[in-house]
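Asks: Next comes the structure file my_file_35.pdb, holding PDB, C-alpha atoms.
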```pdb
ATOM      1  CA  MET A 255      33.646  77.972  98.645
ATOM      2  CA  ALA A 256      31.201  78.226 101.567
ATOM      3  CA  LEU A 257      27.607  77.138 100.942
ATOM      4  CA  ARG A 258      25.991  80.289 102.286
ATOM      5  CA  THR A 259      23.449  82.608 100.692
ATOM      6  CA  GLY A 260      21.385  85.591 101.763
ATOM      7  CA  LEU A 261      18.644  83.133 102.744
ATOM      8  CA  CYS A 262      20.882  81.919 105.562
ATOM      9  CA  ASP A 263      21.105  85.407 107.045
ATOM     10  CA  LEU A 264      17.357  85.939 106.689
ATOM     11  CA  LEU A 265      16.400  82.654 108.373
ATOM     12  CA  GLY A 266      19.290  82.468 110.842
ATOM     13  CA  ILE A 267      20.669  79.208 109.463
ATOM     14  CA  ASP A 268      24.148  78.119 108.403
ATOM     15  CA  VAL A 269      23.425  76.343 105.110
ATOM     16  CA  PRO A 270      20.489  76.960 102.709
ATOM     17  CA  ILE A 271      18.957  73.502 103.156
ATOM     18  CA  ILE A 272      15.341  73.229 104.310
ATOM     19  CA  GLN A 273      13.651  69.996 105.354
ATOM     20  CA  ALA A 274      10.197  69.903 103.781
ATOM     21  CA  PRO A 275       7.250  69.341 106.162
ATOM     22  CA  ILE A 276       6.607  65.718 105.214
ATOM     23  CA  GLY A 277       3.221  65.275 106.876
ATOM     24  CA  GLY A 278       3.058  62.964 109.867
ATOM     25  CA  ALA A 279       6.653  61.883 109.214
ATOM     26  CA  SER A 280       7.823  65.308 110.431
ATOM     27  CA  VAL A 281       8.410  65.143 114.172
ATOM     28  CA  PRO A 282      10.478  67.093 116.729
ATOM     29  CA  GLU A 283      13.376  64.647 116.437
ATOM     30  CA  LEU A 284      13.673  65.291 112.696
ATOM     31  CA  ALA A 285      13.119  69.055 112.681
ATOM     32  CA  ALA A 286      15.548  69.567 115.555
ATOM     33  CA  ALA A 287      18.228  67.378 113.984
ATOM     34  CA  VAL A 288      18.104  69.374 110.737
ATOM     35  CA  SER A 289      18.178  72.704 112.549
ATOM     36  CA  ASN A 290      20.993  71.609 114.843
ATOM     37  CA  ALA A 291      23.019  70.670 111.752
ATOM     38  CA  GLY A 292      22.641  74.196 110.390
ATOM     39  CA  GLY A 293      19.625  73.806 108.102
ATOM     40  CA  LEU A 294      15.974  74.656 108.716
ATOM     41  CA  GLY A 295      13.830  71.901 110.178
ATOM     42  CA  MET A 296      10.078  71.997 109.565
ATOM     43  CA  LEU A 297       6.998  70.520 111.220
ATOM     44  CA  SER A 298       3.734  69.808 109.438
ATOM     45  CA  VAL A 299       1.036  71.620 111.420
ATOM     46  CA  THR A 300      -2.262  71.198 109.563
ATOM     47  CA  TRP A 301      -3.350  67.760 110.755
ATOM     48  CA  ARG A 302      -2.175  68.020 114.357
ATOM     49  CA  GLU A 303      -4.700  68.312 117.147
ATOM     50  CA  PRO A 304      -4.237  71.743 118.787
ATOM     51  CA  ALA A 305      -3.134  70.425 122.186
ATOM     52  CA  ALA A 306      -0.769  67.922 120.573
ATOM     53  CA  LEU A 307       0.616  70.648 118.307
ATOM     54  CA  ARG A 308       1.546  72.841 121.238
ATOM     55  CA  THR A 309       3.336  69.908 122.842
ATOM     56  CA  LEU A 310       5.204  69.128 119.598
ATOM     57  CA  LEU A 311       6.384  72.717 119.269
ATOM     58  CA  GLN A 312       7.578  72.811 122.852
ATOM     59  CA  GLU A 313       9.380  69.492 122.465
ATOM     60  CA  THR A 314      11.125  70.761 119.334
ATOM     61  CA  GLN A 315      12.271  73.866 121.216
ATOM     62  CA  GLU A 316      13.657  71.635 123.951
ATOM     63  CA  ARG A 317      15.658  69.706 121.348
ATOM     64  CA  THR A 318      17.121  72.702 119.514
ATOM     65  CA  PRO A 319      17.890  76.354 120.261
ATOM     66  CA  ARG A 320      17.960  76.994 116.506
ATOM     67  CA  THR A 321      15.233  78.311 114.211
ATOM     68  CA  PHE A 322      12.635  75.858 112.901
ATOM     69  CA  GLY A 323       9.369  76.338 111.020
ATOM     70  CA  GLY A 324       5.782  75.170 110.839
ATOM     71  CA  ASN A 325       3.840  74.484 107.634
ATOM     72  CA  GLN A 326       0.101  74.958 107.131
ATOM     73  CA  VAL A 327      -2.081  73.926 104.190
ATOM     74  CA  LEU A 328      -4.515  76.773 103.530
ATOM     75  CA  THR A 329      -7.204  74.471 102.144
ATOM     76  CA  PHE A 330      -7.938  73.800 105.807
ATOM     77  CA  ASP A 331      -8.688  76.712 108.173
ATOM     78  CA  PRO A 332      -5.311  77.626 109.687
ATOM     79  CA  ALA A 333      -6.533  80.149 112.285
ATOM     80  CA  GLU A 334      -6.291  78.144 115.509
ATOM     81  CA  ARG A 335      -3.058  76.347 114.654
ATOM     82  CA  LEU A 336      -1.417  79.503 113.317
ATOM     83  CA  GLU A 337      -2.204  81.251 116.603
ATOM     84  CA  ILE A 338      -0.626  78.364 118.522
ATOM     85  CA  CYS A 339       2.523  78.483 116.381
ATOM     86  CA  LEU A 340       2.950  82.222 116.895
ATOM     87  CA  ASP A 341       2.130  81.969 120.586
ATOM     88  CA  GLU A 342       4.838  79.327 120.982
ATOM     89  CA  GLY A 343       7.398  81.548 119.239
ATOM     90  CA  VAL A 344       7.746  79.773 115.874
ATOM     91  CA  LYS A 345       9.880  82.106 113.746
ATOM     92  CA  VAL A 346       9.120  80.731 110.270
ATOM     93  CA  VAL A 347       5.579  80.037 109.061
ATOM     94  CA  SER A 348       5.199  78.220 105.752
ATOM     95  CA  PHE A 349       1.943  78.276 103.767
ATOM     96  CA  PHE A 350       0.854  75.960 100.959
ATOM     97  CA  TRP A 351      -2.112  75.452  98.633
ATOM     98  CA  GLY A 352      -3.869  78.789  99.097
ATOM     99  CA  ASP A 353      -3.603  82.567  99.355
ATOM    100  CA  PRO A 354      -1.278  83.711 102.161
ATOM    101  CA  ALA A 355      -2.362  87.370 101.958
ATOM    102  CA  PRO A 356      -4.888  87.245 104.853
ATOM    103  CA  TYR A 357      -2.217  85.952 107.240
ATOM    104  CA  VAL A 358       0.990  87.795 106.305
ATOM    105  CA  ASP A 359       0.475  90.797 108.604
ATOM    106  CA  GLN A 360      -0.472  88.564 111.526
ATOM    107  CA  VAL A 361       2.733  86.559 111.150
ATOM    108  CA  HIS A 362       4.872  89.663 110.748
ATOM    109  CA  ARG A 363       3.337  91.324 113.822
ATOM    110  CA  ALA A 364       4.451  88.284 115.813
ATOM    111  CA  GLY A 365       8.012  88.778 114.569
ATOM    112  CA  ALA A 366       8.000  85.720 112.296
ATOM    113  CA  LEU A 367       8.709  85.233 108.597
ATOM    114  CA  VAL A 368       6.337  83.936 105.905
ATOM    115  CA  MET A 369       7.205  81.338 103.285
ATOM    116  CA  GLN A 370       4.797  80.498 100.454
ATOM    117  CA  THR A 371       4.974  77.528  98.063
ATOM    118  CA  VAL A 372       4.061  78.225  94.425
ATOM    119  CA  GLY A 373       3.845  76.261  91.199
ATOM    120  CA  SER A 374       4.104  79.070  88.638
ATOM    121  CA  ALA A 375       5.616  82.490  88.020
ATOM    122  CA  ALA A 376       2.137  84.054  88.238
ATOM    123  CA  GLU A 377       1.653  82.615  91.727
ATOM    124  CA  ALA A 378       5.108  83.880  92.671
ATOM    125  CA  ARG A 379       4.154  87.437  91.686
ATOM    126  CA  GLN A 380       0.986  87.202  93.767
ATOM    127  CA  ALA A 381       2.962  85.924  96.762
ATOM    128  CA  ALA A 382       5.527  88.709  96.439
ATOM    129  CA  ASP A 383       2.753  91.306  96.207
ATOM    130  CA  ALA A 384       1.226  89.821  99.385
ATOM    131  CA  GLY A 385       4.464  90.543 101.246
ATOM    132  CA  VAL A 386       5.826  87.055 101.848
ATOM    133  CA  ASP A 387       9.477  86.824 102.847
ATOM    134  CA  VAL A 388      10.476  83.646 100.967
ATOM    135  CA  ILE A 389       8.958  81.879  97.958
ATOM    136  CA  VAL A 390       9.292  78.104  97.481
ATOM    137  CA  ALA A 391       9.158  77.077  93.807
ATOM    138  CA  GLN A 392       7.847  73.499  93.756
ATOM    139  CA  GLY A 393       8.616  71.561  90.599
ATOM    140  CA  TRP A 394       6.443  68.742  89.279
ATOM    141  CA  GLU A 395       9.088  66.159  90.244
ATOM    142  CA  ALA A 396       8.348  66.692  93.935
ATOM    143  CA  GLY A 397       6.859  64.024  96.157
ATOM    144  CA  GLY A 398       3.631  64.469  98.082
ATOM    145  CA  HIS A 399       1.038  67.033  97.092
ATOM    146  CA  VAL A 400       2.129  69.143  94.133
ATOM    147  CA  LEU A 401       0.686  72.505  93.089
ATOM    148  CA  GLY A 402       1.781  72.843  89.469
ATOM    149  CA  GLN A 403       2.839  70.937  86.380
ATOM    150  CA  VAL A 404       6.146  72.631  85.547
ATOM    151  CA  SER A 405       9.499  70.906  86.078
ATOM    152  CA  THR A 406      11.953  72.318  88.598
ATOM    153  CA  MET A 407      14.515  73.185  85.922
ATOM    154  CA  ALA A 408      12.017  75.364  84.050
ATOM    155  CA  LEU A 409      10.120  76.664  87.074
ATOM    156  CA  VAL A 410      12.896  77.957  89.314
ATOM    157  CA  PRO A 411      14.409  80.589  86.975
ATOM    158  CA  ALA A 412      10.918  81.748  85.961
ATOM    159  CA  VAL A 413       9.967  82.189  89.611
ATOM    160  CA  VAL A 414      13.271  83.912  90.386
ATOM    161  CA  ASP A 415      12.545  86.428  87.633
ATOM    162  CA  ALA A 416       8.996  86.974  88.880
ATOM    163  CA  ALA A 417       9.857  87.215  92.583
ATOM    164  CA  GLY A 418      11.984  90.323  92.346
ATOM    165  CA  SER A 419      13.864  90.864  95.594
ATOM    166  CA  VAL A 420      12.112  87.981  97.411
ATOM    167  CA  PRO A 421      14.480  85.010  97.796
ATOM    168  CA  VAL A 422      13.413  81.789  96.099
ATOM    169  CA  VAL A 423      13.874  78.231  97.376
ATOM    170  CA  ALA A 424      13.920  75.361  94.860
ATOM    171  CA  ALA A 425      11.882  72.205  95.544
ATOM    172  CA  GLY A 426      11.330  69.012  93.585
ATOM    173  CA  GLY A 427      13.757  66.322  92.454
ATOM    174  CA  ILE A 428      16.683  67.502  94.600
ATOM    175  CA  ALA A 429      18.403  64.916  96.784
ATOM    176  CA  ASP A 430      22.157  65.434  96.474
ATOM    177  CA  GLY A 431      24.774  68.165  96.313
ATOM    178  CA  ARG A 432      24.695  68.317  92.527
ATOM    179  CA  GLY A 433      21.010  69.208  92.640
ATOM    180  CA  ILE A 434      21.645  71.871  95.263
ATOM    181  CA  ALA A 435      24.433  73.402  93.176
ATOM    182  CA  ALA A 436      22.210  73.354  90.092
ATOM    183  CA  ALA A 437      19.370  75.077  91.968
ATOM    184  CA  LEU A 438      21.721  77.808  93.156
ATOM    185  CA  MET A 439      23.001  78.314  89.616
ATOM    186  CA  LEU A 440      19.389  78.733  88.464
ATOM    187  CA  GLY A 441      19.079  81.654  90.859
ATOM    188  CA  ALA A 442      17.603  79.962  93.916
ATOM    189  CA  ALA A 443      18.827  81.039  97.334
ATOM    190  CA  GLY A 444      18.235  77.631  98.891
ATOM    191  CA  VAL A 445      16.644  74.193  98.509
ATOM    192  CA  TRP A 446      13.673  72.351 100.018
ATOM    193  CA  LEU A 447      14.057  68.564 100.352
ATOM    194  CA  GLY A 448      11.344  66.137 101.370
ATOM    195  CA  THR A 449      12.043  62.692  99.944
ATOM    196  CA  ARG A 450      15.697  62.785 101.013
ATOM    197  CA  PHE A 451      14.697  63.476 104.646
ATOM    198  CA  LEU A 452      11.921  60.885 104.493
ATOM    199  CA  ALA A 453      14.774  58.374 104.309
ATOM    200  CA  SER A 454      16.323  59.633 107.543
ATOM    201  CA  GLU A 455      16.570  57.825 110.850
ATOM    202  CA  GLU A 456      14.499  60.461 112.651
ATOM    203  CA  ALA A 457      11.544  60.622 110.229
ATOM    204  CA  ASN A 458       8.335  59.135 111.632
ATOM    205  CA  ALA A 459       7.638  57.159 108.463
ATOM    206  CA  HIS A 460       7.214  53.404 108.854
ATOM    207  CA  PRO A 461      10.454  51.525 108.096
ATOM    208  CA  ILE A 462       8.826  50.038 104.980
ATOM    209  CA  VAL A 463       8.472  53.551 103.527
ATOM    210  CA  LYS A 464      12.137  54.382 104.093
ATOM    211  CA  GLU A 465      13.235  51.076 102.599
ATOM    212  CA  ARG A 466      11.162  51.632  99.469
ATOM    213  CA  VAL A 467      12.495  55.145  98.974
ATOM    214  CA  VAL A 468      16.008  53.688  98.998
ATOM    215  CA  GLN A 469      15.118  50.782  96.717
ATOM    216  CA  ARG A 470      13.030  52.508  94.051
ATOM    217  CA  ALA A 471      14.194  54.178  90.838
ATOM    218  CA  GLU A 472      13.307  57.610  89.478
ATOM    219  CA  THR A 473      10.772  55.927  87.173
ATOM    220  CA  ASP A 474       8.819  54.279  89.989
ATOM    221  CA  THR A 475       6.444  57.124  90.899
ATOM    222  CA  ALA A 476       2.906  57.937  89.805
ATOM    223  CA  PHE A 477       1.061  61.259  89.769
ATOM    224  CA  GLY A 478      -2.636  61.993  90.116
ATOM    225  CA  GLU A 479      -5.568  62.342  92.531
ATOM    226  CA  ILE A 480      -5.335  58.796  93.818
ATOM    227  CA  PHE A 481      -5.002  58.839  97.612
ATOM    228  CA  ASN A 482      -7.576  61.574  98.204
ATOM    229  CA  VAL A 483      -9.685  60.325 101.111
ATOM    230  CA  GLY A 484      -9.081  63.138 103.581
ATOM    231  CA  TRP A 485      -7.864  65.726 101.062
ATOM    232  CA  GLU A 486      -9.741  65.983  97.786
ATOM    233  CA  ASN A 487      -8.763  67.861  94.621
ATOM    234  CA  ALA A 488      -5.090  67.745  95.513
ATOM    235  CA  PRO A 489      -2.853  65.930  92.984
ATOM    236  CA  HIS A 490       0.152  64.163  94.438
ATOM    237  CA  ARG A 491       3.183  62.073  93.559
ATOM    238  CA  ILE A 492       3.627  58.683  95.201
ATOM    239  CA  LEU A 493       5.539  55.463  94.733
ATOM    240  CA  ARG A 494       3.716  52.856  92.682
ATOM    241  CA  ASN A 495       2.126  50.010  94.653
ATOM    242  CA  SER A 496      -0.750  47.545  94.412
ATOM    243  CA  THR A 497      -3.415  50.204  94.975
ATOM    244  CA  VAL A 498      -2.018  52.369  92.170
ATOM    245  CA  GLU A 499      -1.778  49.384  89.830
ATOM    246  CA  ARG A 500      -5.374  48.313  90.506
ATOM    247  CA  TRP A 501      -6.588  51.875  89.964
ATOM    248  CA  GLU A 502      -4.680  52.222  86.684
ATOM    249  CA  ALA A 503      -5.855  48.819  85.460
ATOM    250  CA  ALA A 504      -9.458  49.963  86.031
ATOM    251  CA  GLY A 505      -8.858  53.013  83.828
ATOM    252  CA  SER A 506      -7.874  55.468  86.579
ATOM    253  CA  PRO A 507     -11.504  56.190  87.549
ATOM    254  CA  ALA A 508     -12.450  59.175  89.718
ATOM    255  CA  THR A 509     -15.322  57.205  91.297
ATOM    256  CA  ASN A 510     -16.152  53.519  91.817
ATOM    257  CA  ARG A 511     -12.482  52.766  92.310
ATOM    258  CA  PRO A 512     -11.499  49.150  93.000
ATOM    259  CA  GLY A 513     -11.368  48.448  96.717
ATOM    260  CA  ALA A 514     -12.698  51.862  97.738
ATOM    261  CA  GLY A 515     -13.850  51.921 101.356
ATOM    262  CA  GLU A 516     -11.913  48.807 102.387
ATOM    263  CA  THR A 517     -10.047  49.034 105.675
ATOM    264  CA  VAL A 518      -6.486  48.061 104.832
ATOM    265  CA  ALA A 519      -4.567  49.181 107.913
ATOM    266  CA  THR A 520      -4.895  50.372 111.476
ATOM    267  CA  ASN A 521      -3.322  53.401 113.148
ATOM    268  CA  ALA A 522      -1.379  53.071 116.374
ATOM    269  CA  ASP A 523      -4.461  54.353 118.253
ATOM    270  CA  GLY A 524      -6.651  51.624 116.716
ATOM    271  CA  SER A 525      -8.469  53.808 114.185
ATOM    272  CA  PRO A 526      -8.973  52.349 110.700
ATOM    273  CA  VAL A 527      -7.190  53.448 107.536
ATOM    274  CA  VAL A 528      -9.113  52.842 104.312
ATOM    275  CA  ARG A 529      -7.765  52.241 100.824
ATOM    276  CA  TYR A 530      -7.120  55.553  99.016
ATOM    277  CA  SER A 531      -6.678  57.340 102.339
ATOM    278  CA  ASP A 532      -4.239  60.254 102.247
ATOM    279  CA  SER A 533      -2.378  58.701 105.212
ATOM    280  CA  MET A 534       1.178  57.505 104.685
ATOM    281  CA  PRO A 535       2.429  54.464 106.638
ATOM    282  CA  ARG A 536       3.848  55.722 109.935
ATOM    283  CA  ALA A 537       5.550  54.089 112.889
ATOM    284  CA  GLY A 538       3.021  52.039 114.875
ATOM    285  CA  MET A 539       0.661  51.289 111.972
ATOM    286  CA  THR A 540      -0.279  47.690 111.232
ATOM    287  CA  GLY A 541      -2.050  45.872 108.404
ATOM    288  CA  ASP A 542      -1.553  45.893 104.640
ATOM    289  CA  LEU A 543       0.838  48.846 104.697
ATOM    290  CA  GLU A 544       1.983  48.132 101.147
ATOM    291  CA  ALA A 545      -1.389  49.381  99.876
ATOM    292  CA  LEU A 546      -1.150  52.858 101.430
ATOM    293  CA  ALA A 547       0.187  56.150 100.059
ATOM    294  CA  TYR A 548       3.968  56.316  99.764
ATOM    295  CA  TYR A 549       4.546  60.009  99.109
ATOM    296  CA  ALA A 550       7.899  60.369  97.361
ATOM    297  CA  GLY A 551       9.380  62.297  94.457
ATOM    298  CA  GLN A 552      11.429  61.384  91.417
ATOM    299  CA  SER A 553      14.599  61.932  93.449
ATOM    300  CA  THR A 554      14.177  58.383  94.786
ATOM    301  CA  GLY A 555      16.706  57.228  92.207
ATOM    302  CA  LEU A 556      19.343  59.362  93.938
ATOM    303  CA  ILE A 557      18.772  58.084  97.487
ATOM    304  CA  HIS A 558      20.645  54.955  98.489
ATOM    305  CA  SER A 559      20.800  54.945 102.290
ATOM    306  CA  ILE A 560      18.882  55.747 105.459
ATOM    307  CA  GLU A 561      21.004  58.142 107.512
ATOM    308  CA  PRO A 562      20.763  60.496 110.495
ATOM    309  CA  ALA A 563      19.251  63.798 109.362
ATOM    310  CA  GLY A 564      22.204  65.815 110.655
ATOM    311  CA  LYS A 565      24.603  63.719 108.616
ATOM    312  CA  ILE A 566      22.429  64.249 105.527
ATOM    313  CA  VAL A 567      22.631  68.034 105.944
ATOM    314  CA  GLU A 568      26.401  67.983 106.430
ATOM    315  CA  ARG A 569      27.052  65.659 103.491
ATOM    316  CA  LEU A 570      24.764  67.524 101.113
ATOM    317  CA  ALA A 571      26.407  70.832 101.980
ATOM    318  CA  ALA A 572      29.858  69.367 101.342
ATOM    319  CA  GLU A 573      28.715  67.817  98.049
ATOM    320  CA  ALA A 574      27.211  71.094  96.903
ATOM    321  CA  GLU A 575      30.362  73.023  97.741
ATOM    322  CA  ALA A 576      32.429  70.512  95.761
ATOM    323  CA  ALA A 577      30.036  70.738  92.804
ATOM    324  CA  LEU A 578      30.181  74.513  92.820
ATOM    325  CA  ARG A 579      33.976  74.449  92.943
ATOM    326  CA  GLY A 580      33.955  72.088  89.993
ATOM    327  CA  GLY A 581      31.627  74.380  88.113
ATOM    328  CA  ALA A 582      33.887  77.362  88.801
ATOM    329  CA  LYS A 583      36.830  75.443  87.283
ATOM    330  CA  VAL A 584      34.808  74.595  84.181
ATOM    331  CA  ALA A 585      33.897  78.289  83.849
ATOM    332  CA  GLY A 586      37.571  79.085  83.757
TER     333      GLY A 586
END
```
Would you put the structure from the file into structure tokens?
Replies:
Amino acid sequence: MALRTGLCDLLGIDVPIIQAPIGGASVPELAAAVSNAGGLGMLSVTWREPAALRTLLQETQERTPRTFGGNQVLTFDPAERLEICLDEGVKVVSFFWGDPAPYVDQVHRAGALVMQTVGSAAEARQAADAGVDVIVAQGWEAGGHVLGQVSTMALVPAVVDAAGSVPVVAAGGIADGRGIAAALMLGAAGVWLGTRFLASEEANAHPIVKERVVQRAETDTAFGEIFNVGWENAPHRILRNSTVERWEAAGSPATNRPGAGETVATNADGSPVVRYSDSMPRAGMTGDLEALAYYAGQSTGLIHSIEPAGKIVERLAAEAEAALRGGAKVAG
């Protein structure tokens, strides 16, 4: 039983596994490794300086001849970076946290496809009406910034029903082949995995982040507007740490939070990182890294090793195929 859906034909990939654009942890090495293994690698675009973004896209193209995508958060003006992506020949543009309608025609004229992340069936209908090519249904279990409050199990079939002929990708809480098989049985045409690829050798997360993803259980995350310095009004799921515990002990205040404004770490370029910053620990950072944002989903309880991204894609595809075969036997 081959793990192939119509999404594979649409995107030009071999297996319907997409690496989520995990902020600064998404780098050419990671995106290319996923694409070379037959999935779809993704780069986070929004917070890259324009000149650096062009270089990253070109480096990714040098590492893989396969399709990869770029993700943009629409809370921040995407115009300049979108133009760079299309100019550099990116074939899949992913939008998040905003209305994609003003940009769909521009992307299509450049010969690229549009993906839009949603958190409800109503948002899925709006995205389909706007002409997007793929809809990502993000369940509440997901790590990082989360649009809605509906679990993946309930959200995916509702979005599939609302999307009509537009293929749907399931996101949130998926980290092994069983989850992929379940998503496909719910009507999804593919899956979108962030936390699983955060614990990959190629991800640009600091080693302490990868180690904690492997060590933590599914109960070890928190959700709220906690690490919002740099991106306000954007709820997110993170691993619990000392900053979260201090904030909760103070009553989870929106203002006058304990330790607000303190410099707790330093970027590789020497710039400061304050407590409650939206920055995740990345390679080259120093300081009290434990206190920073560890974006991760409830799938942490399913992740037990740090592996090469290509191996992750291959193993997950094999696990999903086995799970689907098992399900076919149960069905008689």
Asks: Expand the PyMOL selection byres ((chain A and resi 473-487) around 9) into the explicit residue set it covers here, and present it as a PDB file with C-alpha atoms, in the coordinates of the input.
Replies:
```pdb
ATOM      1  CA  THR A 329      -7.204  74.471 102.144  1.00  0.00           C
ATOM      2  CA  GLY A 397       6.859  64.024  96.157  1.00  0.00           C
ATOM      3  CA  ARG A 470      13.030  52.508  94.051  1.00  0.00           C
ATOM      4  CA  ALA A 471      14.194  54.178  90.838  1.00  0.00           C
ATOM      5  CA  GLU A 472      13.307  57.610  89.478  1.00  0.00           C
ATOM      6  CA  ALA A 488      -5.090  67.745  95.513  1.00  0.00           C
ATOM      7  CA  PRO A 489      -2.853  65.930  92.984  1.00  0.00           C
ATOM      8  CA  HIS A 490       0.152  64.163  94.438  1.00  0.00           C
ATOM      9  CA  ARG A 491       3.183  62.073  93.559  1.00  0.00           C
ATOM     10  CA  ILE A 492       3.627  58.683  95.201  1.00  0.00           C
ATOM     11  CA  LEU A 493       5.539  55.463  94.733  1.00  0.00           C
ATOM     12  CA  ARG A 494       3.716  52.856  92.682  1.00  0.00           C
ATOM     13  CA  THR A 497      -3.415  50.204  94.975  1.00  0.00           C
ATOM     14  CA  VAL A 498      -2.018  52.369  92.170  1.00  0.00           C
ATOM     15  CA  TRP A 501      -6.588  51.875  89.964  1.00  0.00           C
ATOM     16  CA  SER A 506      -7.874  55.468  86.579  1.00  0.00           C
ATOM     17  CA  ALA A 508     -12.450  59.175  89.718  1.00  0.00           C
ATOM     18  CA  VAL A 528      -9.113  52.842 104.312  1.00  0.00           C
ATOM     19  CA  ARG A 529      -7.765  52.241 100.824  1.00  0.00           C
ATOM     20  CA  TYR A 530      -7.120  55.553  99.016  1.00  0.00           C
ATOM     21  CA  SER A 531      -6.678  57.340 102.339  1.00  0.00           C
ATOM     22  CA  ASP A 532      -4.239  60.254 102.247  1.00  0.00           C
ATOM     23  CA  SER A 533      -2.378  58.701 105.212  1.00  0.00           C
ATOM     24  CA  LEU A 546      -1.150  52.858 101.430  1.00  0.00           C
ATOM     25  CA  ALA A 547       0.187  56.150 100.059  1.00  0.00           C
ATOM     26  CA  TYR A 549       4.546  60.009  99.109  1.00  0.00           C
ATOM     27  CA  ALA A 550       7.899  60.369  97.361  1.00  0.00           C
ATOM     28  CA  GLY A 551       9.380  62.297  94.457  1.00  0.00           C
ATOM     29  CA  GLN A 552      11.429  61.384  91.417  1.00  0.00           C
ATOM     30  CA  THR A 554      14.177  58.383  94.786  1.00  0.00           C
ATOM     31  CA  GLY A 555      16.706  57.228  92.207  1.00  0.00           C
TER      32      GLY A 555
END
```
Asks: Under the rule that only C-alpha atoms are counted, which of A:Glu313, A:Asp263, A:Glu377, A:Glu502 is the nearest residue to Val413 in chain A?
Replies: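 Of the candidates, the smallest distance to Val413 in chain A is held by A:Glu377.
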Asks: Quick one: of A:Gly365, A:Gly513, A:Gly505, A:Gly444, who's nearest to Asp268 in chain A, counting all atoms listed in the file?
Replies: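 Among the listed residues, the smallest separation from Asp268 in chain A belongs to A:Gly444.
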Asks: Box for range 430-444 of chain A - axis-aligned, 8 Å on each of the six sides, all listed atoms - centre and size in Å to one decimal, as AutoDock Vina command-line options.
Replies:
```
--center_x 21.2 --center_y 73.5 --center_z 93.7 --size_x 23.2 --size_y 32.2 --size_z 26.4
```
Asks: State, in Å with one decimal place, the distance from CA of Ser298 in chain A to CA of Trp351 in chain A.
Replies: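 So the two atoms, CA of Ser298 in chain A and CA of Trp351 in chain A, lie 13.5 Å apart.
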Asks: Considering all atoms listed in the file, give me a table of residues in range 310-396 of chain A that are at most 7 Å from range 404-411 of chain A, with the closest atom pair and distance in Å for each, as a tab-separated table.
Replies:
```
residue	atom	partner	partner_atom	distance
A:Ser374	CA	A:Leu409	CA	6.7
A:Ala391	CA	A:Val410	CA	5.9
A:Gln392	CA	A:Thr406	CA	6.7
A:Gly393	CA	A:Thr406	CA	4.0
A:Trp394	CA	A:Ser405	CA	4.9
A:Glu395	CA	A:Ser405	CA	6.3
```
Asks: I need the residues from that last selection saved to file as a PDB file, in the frame of the given file (with C-alpha atoms), if you can.
Replies:
```pdb
ATOM      1  CA  SER A 374       4.104  79.070  88.638  1.00  0.00           C
ATOM      2  CA  ALA A 391       9.158  77.077  93.807  1.00  0.00           C
ATOM      3  CA  GLN A 392       7.847  73.499  93.756  1.00  0.00           C
ATOM      4  CA  GLY A 393       8.616  71.561  90.599  1.00  0.00           C
ATOM      5  CA  TRP A 394       6.443  68.742  89.279  1.00  0.00           C
ATOM      6  CA  GLU A 395       9.088  66.159  90.244  1.00  0.00           C
TER       7      GLU A 395
END
```
Asks: With all atoms listed in the file as the basis for distance, which of A:Val361, A:Leu578, A:Ile462, A:Val567 is at the shortest distance from Ala287 in chain A?
Replies: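 For Ala287 in chain A, the nearest of the given residues is A:Val567.
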Asks: Identify which of the residues A:Pro535, A:Gly581, A:Gly266, A:Gly278 lies closest to Val346 in chain A, counting all atoms listed in the file when measuring atom-to-atom distances.
Replies: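 So, comparing all the options, the nearest one is A:Gly266.
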Asks: For Ile389 in chain A, which of A:Leu261, A:Ala366, A:Ser454, A:Ala514 is the closest residue, counting all atoms listed in the file?
Replies: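 Closest to Ile389 in chain A, using all atoms listed in the file: A:Leu261.
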Asks: Can you list, as a VMD selection string, every protein, DNA or RNA residue that comes within 9 Å of Arg317 in chain A when you count only C-alpha atoms, leaving out same-chain residues fewer than 3 positions away?
Replies: chain A and resid 282 to 283 286 to 287 290 312 to 314
Asks: From the list A:Ala545, A:Val463, A:Ala291, A:Ala285, which residue is nearest Gly324 in chain A when using only C-alpha atoms?
Replies: A:Ala285
